[in-house]
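*Asks:* Sharing data25.cif, mmCIF, C-alpha atoms and all ligand atoms:
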data_model
#
loop_
_atom_site.label_atom_id
_atom_site.label_comp_id
_atom_site.auth_asym_id
_atom_site.auth_seq_id
_atom_site.Cartn_x
_atom_site.Cartn_y
_atom_site.Cartn_z
CA MET M 10 -102.91 -241.73 -75.15
CA GLY M 11 -99.42 -242.85 -76.09
CA ILE M 12 -96.88 -243.97 -73.54
CA GLN M 13 -94.42 -241.30 -72.59
CA VAL M 14 -90.82 -242.40 -72.93
CA LYS M 15 -88.92 -241.91 -69.70
CA ASN M 16 -85.33 -240.70 -69.64
CA ILE M 17 -83.22 -242.79 -67.30
CA ALA M 18 -79.77 -242.03 -65.95
CA VAL M 19 -77.90 -245.06 -64.64
CA LEU M 20 -75.15 -244.20 -62.17
CA GLY M 21 -72.91 -247.19 -61.59
CA SER M 22 -73.79 -248.71 -64.97
CA THR M 23 -70.92 -251.24 -65.11
CA GLY M 24 -71.62 -252.86 -61.73
CA SER M 25 -73.94 -255.78 -61.13
CA ILE M 26 -77.09 -253.68 -60.56
CA GLY M 27 -76.18 -251.24 -63.34
CA ARG M 28 -75.78 -254.02 -65.89
CA GLN M 29 -79.06 -255.63 -64.86
CA THR M 30 -80.80 -252.23 -65.03
CA LEU M 31 -79.66 -251.82 -68.63
CA GLU M 32 -80.93 -255.32 -69.36
CA VAL M 33 -84.38 -254.39 -67.99
CA ILE M 34 -84.37 -251.13 -69.94
CA SER M 35 -83.53 -253.07 -73.14
CA SER M 36 -86.70 -255.12 -72.67
CA PHE M 37 -88.86 -251.98 -72.89
CA PRO M 38 -87.49 -249.75 -75.67
CA GLU M 39 -90.90 -248.10 -76.09
CA ARG M 40 -90.88 -247.01 -72.43
CA PHE M 41 -87.33 -246.06 -71.53
CA ARG M 42 -84.42 -244.22 -73.01
CA VAL M 43 -80.95 -244.15 -71.47
CA ILE M 44 -79.98 -240.49 -71.19
CA GLY M 45 -76.89 -240.86 -69.00
CA LEU M 46 -74.38 -243.48 -67.90
CA ALA M 47 -71.85 -243.11 -65.11
CA ALA M 48 -69.19 -245.65 -64.16
CA GLY M 49 -65.95 -245.82 -62.24
CA GLU M 50 -62.89 -247.50 -63.71
CA ASN M 51 -64.42 -250.02 -66.11
CA THR M 52 -64.14 -247.81 -69.18
CA ALA M 53 -64.01 -250.80 -71.53
CA LEU M 54 -67.53 -251.87 -70.59
CA LEU M 55 -68.75 -248.27 -70.34
CA GLY M 56 -67.53 -247.70 -73.91
CA LYS M 57 -69.60 -250.66 -75.09
CA GLN M 58 -72.64 -249.45 -73.16
CA ILE M 59 -72.31 -245.98 -74.69
CA ALA M 60 -72.09 -247.46 -78.19
CA ASN M 61 -75.16 -249.58 -77.47
CA PHE M 62 -77.44 -247.09 -75.67
CA LYS M 63 -76.18 -243.79 -77.14
CA PRO M 64 -76.74 -241.63 -74.04
CA ARG M 65 -76.40 -237.86 -74.06
CA PHE M 66 -74.27 -237.83 -70.89
CA ALA M 67 -71.50 -239.97 -69.53
CA HIS M 68 -69.08 -239.99 -66.63
CA TYR M 69 -66.06 -242.15 -65.73
CA ASN M 70 -63.27 -241.90 -63.19
CA LYS M 71 -60.26 -243.06 -65.14
CA LYS M 72 -58.47 -239.90 -66.19
CA GLU M 73 -55.70 -241.28 -68.41
CA ASP M 74 -57.59 -242.97 -71.21
CA LYS M 75 -60.15 -240.90 -73.00
CA LEU M 76 -63.24 -242.70 -74.17
CA LEU M 77 -63.33 -242.62 -77.93
CA VAL M 78 -66.96 -241.71 -78.33
CA ALA M 79 -68.43 -238.77 -80.11
CA ASP M 80 -71.53 -236.85 -79.07
CA VAL M 81 -71.31 -237.68 -75.37
CA GLU M 82 -71.20 -234.83 -72.94
CA THR M 83 -69.20 -235.69 -69.82
CA ILE M 84 -70.79 -234.35 -66.66
CA SER M 85 -70.45 -235.37 -62.99
CA PRO M 86 -72.75 -238.02 -61.46
CA ALA M 87 -74.30 -235.31 -59.24
CA GLU M 88 -75.04 -233.12 -62.30
CA MET M 89 -76.51 -236.07 -64.14
CA ALA M 90 -78.67 -237.01 -61.13
CA SER M 91 -80.30 -233.57 -61.08
CA HIS M 92 -80.41 -232.75 -64.81
CA PRO M 93 -83.84 -231.33 -65.82
CA ASP M 94 -84.21 -233.85 -68.68
CA VAL M 95 -83.74 -236.88 -66.41
CA ASP M 96 -86.99 -238.53 -65.28
CA ILE M 97 -85.62 -241.41 -63.20
CA VAL M 98 -82.13 -241.73 -61.80
CA VAL M 99 -80.88 -245.18 -60.86
CA ILE M 100 -78.19 -244.89 -58.21
CA ALA M 101 -76.13 -248.05 -58.11
CA LEU M 102 -72.74 -246.51 -57.29
CA PRO M 103 -70.82 -248.35 -54.58
CA GLY M 104 -70.50 -247.22 -50.94
CA GLY M 105 -69.74 -243.57 -50.18
CA ALA M 106 -69.68 -242.66 -53.89
CA GLY M 107 -73.47 -242.73 -53.90
CA LEU M 108 -74.07 -240.01 -51.33
CA GLU M 109 -73.54 -236.83 -53.35
CA PRO M 110 -75.58 -237.93 -56.39
CA VAL M 111 -78.42 -239.06 -54.09
CA ILE M 112 -78.49 -235.68 -52.34
CA SER M 113 -78.39 -233.90 -55.68
CA ALA M 114 -81.21 -236.04 -57.16
CA VAL M 115 -83.37 -235.67 -54.07
CA LYS M 116 -82.91 -231.89 -53.96
CA ALA M 117 -84.00 -231.76 -57.61
CA GLY M 118 -87.20 -233.68 -56.76
CA LYS M 119 -86.33 -236.69 -58.94
CA LYS M 120 -87.60 -240.21 -58.87
CA VAL M 121 -84.62 -241.99 -57.37
CA ALA M 122 -84.34 -245.74 -57.90
CA LEU M 123 -81.96 -246.38 -55.05
CA ALA M 124 -79.64 -249.36 -54.95
CA ASN M 125 -76.94 -247.61 -52.93
CA LYS M 126 -77.89 -248.40 -49.33
CA GLU M 127 -74.93 -246.61 -47.74
CA SER M 128 -76.37 -243.19 -48.61
CA LEU M 129 -79.54 -243.87 -46.61
CA VAL M 130 -77.63 -245.62 -43.84
CA THR M 131 -75.24 -242.72 -43.29
CA ALA M 132 -77.50 -239.78 -44.16
CA GLY M 133 -81.05 -241.11 -43.92
CA GLU M 134 -82.28 -238.20 -41.84
CA ILE M 135 -80.99 -235.59 -44.29
CA ILE M 136 -82.14 -237.46 -47.39
CA THR M 137 -85.68 -238.15 -46.17
CA LYS M 138 -86.06 -234.54 -45.00
CA LEU M 139 -84.88 -233.19 -48.38
CA ALA M 140 -87.19 -235.59 -50.21
CA GLY M 141 -90.11 -234.38 -48.10
CA GLU M 142 -89.33 -230.79 -49.07
CA SER M 143 -88.75 -231.34 -52.79
CA GLY M 144 -91.30 -234.08 -53.47
CA ALA M 145 -88.58 -236.46 -54.62
CA LYS M 146 -89.59 -240.12 -54.51
CA ILE M 147 -87.16 -242.74 -53.31
CA LEU M 148 -87.92 -246.06 -55.01
CA PRO M 149 -86.04 -248.86 -53.25
CA VAL M 150 -84.15 -251.32 -55.45
CA ASP M 151 -82.73 -253.41 -52.60
CA SER M 152 -84.78 -256.63 -52.87
CA GLU M 153 -85.90 -256.62 -49.21
CA HIS M 154 -87.05 -253.01 -49.31
CA SER M 155 -88.71 -253.45 -52.66
CA ALA M 156 -90.59 -256.38 -51.08
CA VAL M 157 -91.71 -254.24 -48.13
CA TRP M 158 -92.74 -251.47 -50.51
CA GLN M 159 -94.77 -253.91 -52.63
CA CYS M 160 -96.46 -255.28 -49.50
CA LEU M 161 -97.39 -251.78 -48.31
CA GLU M 162 -98.97 -250.73 -51.61
CA GLY M 163 -102.71 -250.31 -51.31
CA GLU M 164 -102.72 -250.34 -47.50
CA ALA M 165 -104.33 -247.36 -45.77
CA THR M 166 -102.97 -248.27 -42.33
CA LYS M 167 -99.32 -248.06 -41.38
CA ALA M 168 -97.60 -251.41 -40.87
CA SER M 169 -96.87 -252.44 -37.29
CA ARG M 170 -93.72 -254.45 -38.05
CA ILE M 171 -91.26 -255.12 -40.84
CA ILE M 172 -89.67 -258.55 -41.06
CA LEU M 173 -86.55 -258.51 -43.23
CA THR M 174 -85.45 -261.88 -44.55
CA ALA M 175 -81.79 -262.86 -44.79
CA SER M 176 -80.31 -265.80 -46.70
CA GLY M 177 -77.89 -266.27 -43.81
CA GLY M 178 -74.98 -266.35 -46.26
CA PRO M 179 -72.71 -269.28 -47.13
CA PHE M 180 -71.50 -269.86 -43.53
CA ARG M 181 -74.84 -270.10 -41.80
CA ASN M 182 -74.13 -273.61 -40.56
CA TYR M 183 -70.43 -273.12 -39.74
CA LEU M 184 -69.20 -273.38 -36.19
CA LYS M 185 -67.70 -270.22 -34.70
CA GLU M 186 -64.20 -271.77 -34.88
CA GLU M 187 -64.65 -272.67 -38.53
CA LEU M 188 -65.40 -269.05 -39.41
CA GLU M 189 -61.78 -268.18 -38.48
CA LYS M 190 -60.53 -270.13 -41.51
CA VAL M 191 -62.93 -268.80 -44.12
CA THR M 192 -61.14 -267.49 -47.25
CA PRO M 193 -62.24 -264.62 -49.52
CA GLU M 194 -62.77 -267.16 -52.31
CA GLN M 195 -65.24 -269.12 -50.16
CA ALA M 196 -66.97 -265.96 -48.96
CA LEU M 197 -67.46 -264.70 -52.50
CA LYS M 198 -69.65 -267.73 -53.34
CA HIS M 199 -73.11 -266.68 -52.27
CA PRO M 200 -75.67 -269.52 -52.16
CA SER M 201 -78.64 -267.69 -53.69
CA TRP M 202 -77.74 -264.24 -55.06
CA LYS M 203 -75.26 -263.05 -57.68
CA MET M 204 -73.94 -259.66 -56.54
CA GLY M 205 -70.90 -257.41 -56.39
CA LYS M 206 -67.96 -258.33 -54.13
CA LYS M 207 -68.59 -255.91 -51.26
CA VAL M 208 -72.24 -256.83 -50.80
CA THR M 209 -71.42 -260.55 -51.14
CA ILE M 210 -68.94 -260.37 -48.24
CA ASP M 211 -71.40 -258.20 -46.28
CA SER M 212 -74.03 -260.89 -46.82
CA ALA M 213 -71.66 -263.51 -45.41
CA THR M 214 -70.96 -261.44 -42.25
CA LEU M 215 -74.64 -260.27 -42.02
CA LEU M 216 -73.38 -256.68 -42.01
CA ASN M 217 -75.49 -256.27 -45.14
CA LYS M 218 -78.63 -257.19 -43.20
CA GLY M 219 -77.63 -254.76 -40.47
CA LEU M 220 -77.30 -251.96 -43.04
CA GLU M 221 -80.70 -252.98 -44.37
CA ILE M 222 -82.28 -252.52 -40.91
CA ILE M 223 -81.10 -248.90 -40.93
CA GLU M 224 -82.19 -248.50 -44.56
CA ALA M 225 -85.69 -249.80 -43.67
CA HIS M 226 -85.88 -247.47 -40.68
CA TRP M 227 -85.49 -244.42 -42.94
CA LEU M 228 -87.41 -245.66 -45.99
CA PHE M 229 -90.52 -246.70 -44.07
CA ASP M 230 -90.28 -244.49 -40.96
CA MET M 231 -90.29 -247.59 -38.77
CA PRO M 232 -88.81 -247.65 -35.24
CA TYR M 233 -85.84 -249.99 -34.82
CA ASP M 234 -87.61 -252.23 -32.32
CA LYS M 235 -90.30 -252.90 -34.95
CA ILE M 236 -87.83 -254.19 -37.54
CA SER M 237 -86.91 -257.87 -37.16
CA VAL M 238 -84.62 -260.10 -39.15
CA ILE M 239 -85.31 -263.75 -39.89
CA VAL M 240 -82.98 -266.12 -41.72
CA HIS M 241 -84.68 -267.71 -44.72
CA PRO M 242 -82.06 -269.67 -46.67
CA GLN M 243 -84.07 -270.20 -49.88
CA SER M 244 -84.35 -266.43 -50.58
CA ILE M 245 -87.86 -266.83 -52.00
CA ILE M 246 -89.62 -264.55 -49.52
CA HIS M 247 -87.86 -261.21 -49.93
CA SER M 248 -89.36 -259.64 -46.80
CA MET M 249 -92.64 -259.33 -44.94
CA VAL M 250 -94.87 -256.73 -43.33
CA GLU M 251 -97.12 -257.27 -40.33
CA PHE M 252 -100.23 -255.19 -39.71
CA ALA M 253 -102.17 -254.22 -36.57
CA ASP M 254 -104.56 -257.17 -36.89
CA GLY M 255 -101.72 -259.69 -37.10
CA ALA M 256 -102.01 -260.21 -40.86
CA VAL M 257 -98.66 -260.65 -42.58
CA LYS M 258 -97.99 -259.89 -46.25
CA ALA M 259 -94.92 -261.24 -48.01
CA GLN M 260 -93.48 -260.78 -51.47
CA LEU M 261 -92.20 -263.96 -53.10
CA SER M 262 -90.23 -264.56 -56.28
CA LEU M 263 -87.09 -266.39 -57.33
CA PRO M 264 -83.97 -264.44 -56.32
CA ASP M 265 -83.36 -262.16 -59.31
CA MET M 266 -82.55 -258.46 -58.96
CA ARG M 267 -84.16 -257.62 -62.28
CA LEU M 268 -87.60 -257.83 -60.65
CA PRO M 269 -87.04 -255.12 -57.98
CA ILE M 270 -85.21 -253.02 -60.60
CA GLN M 271 -88.12 -253.32 -63.03
CA TYR M 272 -90.69 -252.57 -60.32
CA ALA M 273 -88.87 -249.36 -59.40
CA LEU M 274 -88.75 -248.29 -63.06
CA THR M 275 -92.31 -249.18 -64.03
CA TYR M 276 -94.07 -248.37 -60.72
CA PRO M 277 -97.04 -248.18 -60.25
CA GLU M 278 -97.45 -250.56 -63.17
CA ARG M 279 -96.32 -254.17 -63.46
CA LEU M 280 -95.21 -255.22 -66.92
CA VAL M 281 -94.74 -258.60 -68.59
CA ASN M 282 -91.08 -259.52 -68.89
CA ASN M 283 -90.50 -263.07 -70.07
CA LYS M 284 -86.89 -262.96 -68.93
CA LEU M 285 -87.96 -262.92 -65.29
CA PRO M 286 -88.08 -266.42 -63.79
CA ARG M 287 -91.28 -267.83 -62.29
CA ILE M 288 -91.68 -269.94 -59.16
CA ILE M 289 -92.62 -273.51 -59.98
CA TRP M 290 -94.67 -274.31 -56.89
CA GLU M 291 -94.66 -278.06 -57.48
CA GLU M 292 -90.86 -278.04 -57.25
CA LEU M 293 -90.69 -275.80 -54.20
CA ASP M 294 -90.73 -278.31 -51.37
CA ARG M 295 -90.14 -276.06 -48.38
CA LEU M 296 -89.48 -272.60 -47.03
CA ASP M 297 -87.33 -272.53 -43.88
CA PHE M 298 -86.89 -269.91 -41.19
CA GLU M 299 -84.53 -269.58 -38.24
CA PRO M 300 -83.38 -266.75 -35.99
CA PRO M 301 -80.06 -265.11 -36.92
CA ASP M 302 -77.07 -266.04 -34.72
CA THR M 303 -75.59 -262.71 -33.60
CA ASP M 304 -72.94 -264.50 -31.57
CA LYS M 305 -71.46 -265.99 -34.75
CA PHE M 306 -72.32 -262.92 -36.85
CA PRO M 307 -71.87 -259.89 -34.55
CA CYS M 308 -72.10 -257.35 -37.42
CA LEU M 309 -75.88 -257.64 -37.37
CA LYS M 310 -76.03 -256.53 -33.74
CA LEU M 311 -73.35 -253.84 -34.21
CA ALA M 312 -75.29 -252.34 -37.11
CA ARG M 313 -78.58 -252.28 -35.25
CA GLU M 314 -76.90 -250.54 -32.30
CA ALA M 315 -75.21 -248.02 -34.62
CA GLY M 316 -78.61 -247.25 -36.15
CA GLU M 317 -80.27 -246.82 -32.78
CA ARG M 318 -77.51 -244.56 -31.52
CA GLY M 319 -77.74 -242.52 -34.71
CA GLY M 320 -75.62 -239.43 -35.41
CA THR M 321 -72.34 -240.35 -37.09
CA TYR M 322 -72.34 -243.95 -35.81
CA PRO M 323 -73.89 -245.37 -39.02
CA ALA M 324 -71.23 -243.53 -41.07
CA VAL M 325 -68.53 -245.16 -38.94
CA LEU M 326 -70.23 -248.53 -39.44
CA CYS M 327 -70.06 -248.05 -43.22
CA GLY M 328 -66.52 -246.65 -43.34
CA ALA M 329 -65.12 -249.34 -41.04
CA GLY M 330 -67.05 -252.07 -42.84
CA GLU M 331 -65.77 -251.01 -46.25
CA ALA M 332 -62.14 -250.88 -45.08
CA ALA M 333 -62.39 -254.19 -43.23
CA VAL M 334 -63.87 -255.98 -46.26
CA GLU M 335 -61.05 -254.64 -48.42
CA LEU M 336 -58.47 -255.94 -45.91
CA PHE M 337 -60.17 -259.33 -45.84
CA LEU M 338 -60.30 -259.54 -49.65
CA SER M 339 -56.57 -258.80 -49.82
CA HIS M 340 -55.89 -261.58 -47.25
CA LYS M 341 -54.69 -259.13 -44.57
CA ILE M 342 -57.27 -260.07 -41.92
CA LYS M 343 -59.42 -263.07 -41.13
CA PHE M 344 -63.12 -263.24 -41.91
CA THR M 345 -63.77 -262.95 -38.18
CA GLY M 346 -61.59 -259.81 -38.11
CA ILE M 347 -64.30 -257.86 -39.97
CA PRO M 348 -66.72 -257.54 -37.01
CA LYS M 349 -63.80 -256.99 -34.61
CA LEU M 350 -62.53 -254.00 -36.59
CA VAL M 351 -66.02 -252.57 -37.06
CA GLU M 352 -66.62 -252.84 -33.32
CA MET M 353 -63.27 -251.21 -32.52
CA ALA M 354 -64.05 -248.23 -34.76
CA LEU M 355 -67.53 -247.79 -33.25
CA ASN M 356 -66.09 -247.95 -29.71
CA LYS M 357 -63.39 -245.37 -30.42
CA HIS M 358 -65.69 -242.93 -32.18
CA ASN M 359 -66.63 -239.55 -30.72
CA ALA M 360 -70.01 -239.15 -32.34
CA VAL M 361 -71.61 -236.00 -33.70
CA ALA M 362 -75.31 -235.96 -32.84
CA ARG M 363 -76.99 -234.31 -35.85
CA PRO M 364 -74.26 -234.35 -38.47
CA ASP M 365 -74.29 -232.46 -41.76
CA ILE M 366 -73.00 -234.10 -44.95
CA GLU M 367 -69.41 -232.98 -44.35
CA GLU M 368 -69.40 -234.42 -40.84
CA ILE M 369 -70.85 -237.67 -42.15
CA LYS M 370 -68.16 -237.94 -44.81
CA ALA M 371 -65.46 -237.11 -42.26
CA ALA M 372 -66.68 -239.79 -39.84
CA GLU M 373 -66.78 -242.39 -42.63
CA LYS M 374 -63.24 -241.49 -43.71
CA TRP M 375 -61.96 -241.50 -40.11
CA ALA M 376 -63.40 -245.00 -39.58
CA GLY M 377 -61.78 -246.36 -42.73
CA GLU M 378 -58.43 -244.92 -41.73
CA ILE M 379 -58.50 -246.18 -38.15
CA VAL M 380 -59.27 -249.70 -39.38
CA THR M 381 -56.54 -249.65 -42.02
CA ASP M 382 -53.97 -248.09 -39.64
CA TYR M 383 -54.69 -250.61 -36.90
CA THR M 384 -54.01 -253.49 -39.26
CA ALA M 385 -50.96 -251.80 -40.83
CA ARG M 386 -49.46 -251.33 -37.36
CA GLY M 387 -49.68 -255.07 -36.81
CA GLY M 388 -52.96 -255.29 -34.92
CA VAL M 389 -54.06 -258.89 -35.34
CA CYS M 390 -57.58 -259.53 -36.54
MG MG Y 401 -80.70 -256.70 -50.01
#
Let me see whether you can do it: turn the structure in this file into structure tokens.
Ligand code: MG
*Replies:*
Amino acid sequence: MGIQVKNIAVLGSTGSIGRQTLEVISSFPERFRVIGLAAGENTALLGKQIANFKPRFAHYNKKEDKLLVADVETISPAEMASHPDVDIVVIALPGGAGLEPVISAVKAGKKVALANKESLVTAGEIITKLAGESGAKILPVDSEHSAVWQCLEGEATKASRIILTASGGPFRNYLKEELEKVTPEQALKHPSWKMGKKVTIDSATLLNKGLEIIEAHWLFDMPYDKISVIVHPQSIIHSMVEFADGAVKAQLSLPDMRLPIQYALTYPERLVNNKLPRIIWEELDRLDFEPPDTDKFPCLKLAREAGERGGTYPAVLCGAGEAAVELFLSHKIKFTGIPKLVEMALNKHNAVARPDIEEIKAAEKWAGEIVTDYTARGGVC
């Protein structure tokens, strides 16, 4: 029997994950075909990707300059995500932009390779319920969640604990006072992963790990008190799962996002890809672990609490986090201002208990505005 070619739509194709997804797809031309590409403002790169992959559909935000490509039908990311001819949709759009396409793909019963964690963080209850109804399969692309997924494969018994690993970011060994002086340029240099700007800053504040706790809660139906975080600076173990008998399974590989991307696309198979790096065990002298310091990095604790409280709190966490990171990147607040602003927004929020999508979006927007307004009015952070 021949291999059936799968049609892949890549939403967020010009970002870090999108570009690496296209690289993986290029390694398996007999398996995958790019049917749709969606990007934001980077029309120059999107134009090149369209010329290279010749998709049927495309989407871009920039209204003023028309892409000079023939034979491409422009449709919205949500339409692309649910199109009947799409087999797998990779959702790598940033932040809140991912929510609508995820909902649309899940309603249509698609295989959703999910790199956008904010959608699950803010609307995990709605998304998992819809997926249960439609038979959609959410395939995690986030390296930690891909690791957990890989560890759970073949197990008949539910795991008793998930242990998410965190690199600890570039300021793991800084004193609390030193964190005050951290610049965006320093924060954008991640020690082990190459990623987009927002997630790189979130890794430095540990907000990213906090979002990943909530993401794991929804993906694996695991109670919050059974999800731990351990700092592992080498980023070789991508996460672990503990079982009832005390056995722990871990997934190890060199830090490279192309592996979790490929696993999501080729699941349940594993395919040879010579571009993926291998661990050289003789050169690996140690693997270290230490507990995270939530006093120095309060975002981790704030995120866990937001997840436990549920409702619109996780949406506020995301909205406030996004706005605070933007303010930090434009030198308007200190690095240590990020958790302060996130905490302020969470404290001021009047939560909605079982929000619908509109209420989630409204809470996220409200949080972003309150953070930006506070700073604009001269609030020092
Ligand atoms: Mg991750």
*Asks:* Please write as a list of chain:residue names the list of polymer residues whose atoms come within 8 Å of (-85.9, -252.0, -58.9), counting all atoms listed in the file and keeping to the coordinates of the file.
*Replies:*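 It turns out the residues near that spot are M:Thr30, M:Ala122, M:Leu123, M:Ala124, M:Leu148, M:Pro149, M:Val150, M:Asp151, M:Ser152, M:Ser155, M:Met266, M:Arg267, M:Leu268, M:Pro269, M:Ile270, M:Gln271, M:Tyr272, M:Ala273, M:Leu274.
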*Asks:* Export C-alpha atoms of the chosen residues as a PDB file, keeping the file's coordinate frame?
*Replies:*
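See result.pdb below for the written result:
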ATOM      1  CA  THR M  30     -80.800-252.230 -65.030  1.00  0.00           C
ATOM      2  CA  ALA M 122     -84.340-245.740 -57.900  1.00  0.00           C
ATOM      3  CA  LEU M 123     -81.960-246.380 -55.050  1.00  0.00           C
ATOM      4  CA  ALA M 124     -79.640-249.360 -54.950  1.00  0.00           C
ATOM      5  CA  LEU M 148     -87.920-246.060 -55.010  1.00  0.00           C
ATOM      6  CA  PRO M 149     -86.040-248.860 -53.250  1.00  0.00           C
ATOM      7  CA  VAL M 150     -84.150-251.320 -55.450  1.00  0.00           C
ATOM      8  CA  ASP M 151     -82.730-253.410 -52.600  1.00  0.00           C
ATOM      9  CA  SER M 152     -84.780-256.630 -52.870  1.00  0.00           C
ATOM     10  CA  SER M 155     -88.710-253.450 -52.660  1.00  0.00           C
ATOM     11  CA  MET M 266     -82.550-258.460 -58.960  1.00  0.00           C
ATOM     12  CA  ARG M 267     -84.160-257.620 -62.280  1.00  0.00           C
ATOM     13  CA  LEU M 268     -87.600-257.830 -60.650  1.00  0.00           C
ATOM     14  CA  PRO M 269     -87.040-255.120 -57.980  1.00  0.00           C
ATOM     15  CA  ILE M 270     -85.210-253.020 -60.600  1.00  0.00           C
ATOM     16  CA  GLN M 271     -88.120-253.320 -63.030  1.00  0.00           C
ATOM     17  CA  TYR M 272     -90.690-252.570 -60.320  1.00  0.00           C
ATOM     18  CA  ALA M 273     -88.870-249.360 -59.400  1.00  0.00           C
ATOM     19  CA  LEU M 274     -88.750-248.290 -63.060  1.00  0.00           C
TER      20      LEU M 274
END
*Asks:* Which residues of chain M sit at most 8 Å from ligand MG 401 (chain Y), using only C-alpha atoms and all ligand atoms? Give each one's shortest atom pair and distance in Å (one decimal place), in chain and ascending residue order, as a tab-separated table.
*Replies:*
residue	atom	partner	partner_atom	distance
M:Asp151	CA	Y:MG401	MG	4.7
M:Ser152	CA	Y:MG401	MG	5.0
M:Glu153	CA	Y:MG401	MG	5.3
M:His154	CA	Y:MG401	MG	7.4
M:Asn217	CA	Y:MG401	MG	7.1
M:Lys218	CA	Y:MG401	MG	7.1
M:Glu221	CA	Y:MG401	MG	6.8
*Asks:* Which residue out of M:Ile26, M:Ala140, M:Ala90, M:Leu46 has the minimum interatomic distance to M:Asn125 when only C-alpha atoms are used?
*Replies:*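 Checking each candidate against M:Asn125, we get M:Ile26 as the closest.
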*Asks:* Quick one: distance from atom CA of M:Glu352 to atom CA of M:Ile136 in Å, one decimal?
*Replies:*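 Interatomic distance, atom CA of M:Glu352 to atom CA of M:Ile136: 26.0 Å.
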*Asks:* Which neighbours of M:Arg295 fall inside 12 Å, counting all atoms listed in the file, when residues of the same chain fewer than 6 positions from it are skipped, and could you give them as a list in words?
*Replies:*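 Contacts, in chain order: His241, Pro242, Gln243, Ser244, Ile245 and Ile246 of chain M.
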*Asks:* Would you compute an axis-aligned box for stretch 195-209 of chain M, covering every atom listed for it in the file with 5 Å of margin on each side, and report centre and edge lengths in Å to one decimal as lines of an AutoDock Vina configuration file?
*Replies:*
center_x = -71.9
center_y = -262.7
center_z = -53.3
size_x = 23.4
size_y = 23.6
size_z = 18.7
*Asks:* Identify the residues around (-71.1, -237.1, -63.7) within a radius of 10 Å, measuring from only C-alpha atoms in the coordinates stated by the file, and give them as JSON, numbers by chain.
*Replies:* {"M": [20, 45, 46, 47, 48, 66, 67, 68, 69, 70, 82, 83, 84, 85, 86, 87, 88, 89, 90, 110]}
*Asks:* Between M:Lys116, M:Lys284, M:Arg170, M:Lys357, which has the minimum distance to M:Ala145 (counting all atoms listed in the file)?
*Replies:*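 Closest candidate: M:Lys116.
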*Asks:* Please determine, counting all atoms listed in the file, which residue among M:Gly163, M:Gly56, M:Pro348, M:Pro286 has the shortest atom-to-atom distance to M:Gly330.
*Replies:*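 Ranking M:Gly163, M:Gly56, M:Pro348, M:Pro286 by distance to M:Gly330, first place goes to M:Pro348.
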*Asks:* I'd like a table as JSON lines: residues in stretch 154-179 of chain M with an atom no more than 12 Å from stretch 232-240 of chain M, each row giving the shortest atom pair and its distance in Å to one decimal, all atoms listed in the file counted, sorted by chain and rising residue number.
*Replies:*
{"residue": "M:His154", "atom": "CA", "partner": "M:Ile236", "partner_atom": "CA", "distance": 11.9}
{"residue": "M:Val157", "atom": "CA", "partner": "M:Ile236", "partner_atom": "CA", "distance": 11.3}
{"residue": "M:Ala168", "atom": "CA", "partner": "M:Lys235", "partner_atom": "CA", "distance": 9.5}
{"residue": "M:Ser169", "atom": "CA", "partner": "M:Lys235", "partner_atom": "CA", "distance": 7.0}
{"residue": "M:Arg170", "atom": "CA", "partner": "M:Lys235", "partner_atom": "CA", "distance": 4.9}
{"residue": "M:Ile171", "atom": "CA", "partner": "M:Ile236", "partner_atom": "CA", "distance": 4.8}
{"residue": "M:Ile172", "atom": "CA", "partner": "M:Ser237", "partner_atom": "CA", "distance": 4.8}
{"residue": "M:Leu173", "atom": "CA", "partner": "M:Val238", "partner_atom": "CA", "distance": 4.8}
{"residue": "M:Thr174", "atom": "CA", "partner": "M:Ile239", "partner_atom": "CA", "distance": 5.0}
{"residue": "M:Ala175", "atom": "CA", "partner": "M:Val240", "partner_atom": "CA", "distance": 4.6}
{"residue": "M:Ser176", "atom": "CA", "partner": "M:Val240", "partner_atom": "CA", "distance": 5.7}
{"residue": "M:Gly177", "atom": "CA", "partner": "M:Val240", "partner_atom": "CA", "distance": 5.5}
{"residue": "M:Gly178", "atom": "CA", "partner": "M:Val240", "partner_atom": "CA", "distance": 9.2}
*Asks:* Any chance you could export the current selection's C-alpha atoms as a compact mmCIF listing (two decimals), in the coordinates of the input?
*Replies:*
# COMPACT_ATOMS: atom_id res chain seq x y z
CA HIS M 154 -87.05 -253.01 -49.31
CA VAL M 157 -91.71 -254.24 -48.13
CA ALA M 168 -97.60 -251.41 -40.87
CA SER M 169 -96.87 -252.44 -37.29
CA ARG M 170 -93.72 -254.45 -38.05
CA ILE M 171 -91.26 -255.12 -40.84
CA ILE M 172 -89.67 -258.55 -41.06
CA LEU M 173 -86.55 -258.51 -43.23
CA THR M 174 -85.45 -261.88 -44.55
CA ALA M 175 -81.79 -262.86 -44.79
CA SER M 176 -80.31 -265.80 -46.70
CA GLY M 177 -77.89 -266.27 -43.81
CA GLY M 178 -74.98 -266.35 -46.26
*Asks:* Compare M:Arg386, M:Lys305, M:Lys63, M:Lys15 by their minimum atom-to-atom distance to M:Leu184, counting only C-alpha atoms, and give me the closest one.
*Replies:*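 For M:Leu184, the nearest of the given residues is M:Lys305.
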*Asks:* Need to verify the contact set: M:Ala362, 8 Å, all atoms listed in the file, exclusion of same-chain residues closer than 2 positions in sequence. Can you return it as a PyMOL selection string?
*Replies:* chain M and resi 319-321+360+364
*Asks:* Which residue gives the smallest distance to M:Gln260 among M:Glu162, M:Asp382, M:Glu292, M:Asp211, with all atoms listed in the file counted?
*Replies:*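 Of all the options, M:Glu162 lies closest to M:Gln260.
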*Asks:* At a cut-off of 12 Å, using only C-alpha atoms, what residues contact M:Phe306? Leave out same-chain residues fewer than 6 positions from it and give the result as a list in words.
*Replies:*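 Answer for this query is Gly177, Gly178, Phe180, Arg181, Asn182, Tyr183, Leu184, Lys185, Leu188, Glu189, Asp211, Ser212, Ala213, Thr214, Leu215, Leu216, Asn217, Lys218, Gly219, Pro300, Ala312, Phe344, Thr345, Gly346, Ile347, Pro348 and Lys349 of chain M.
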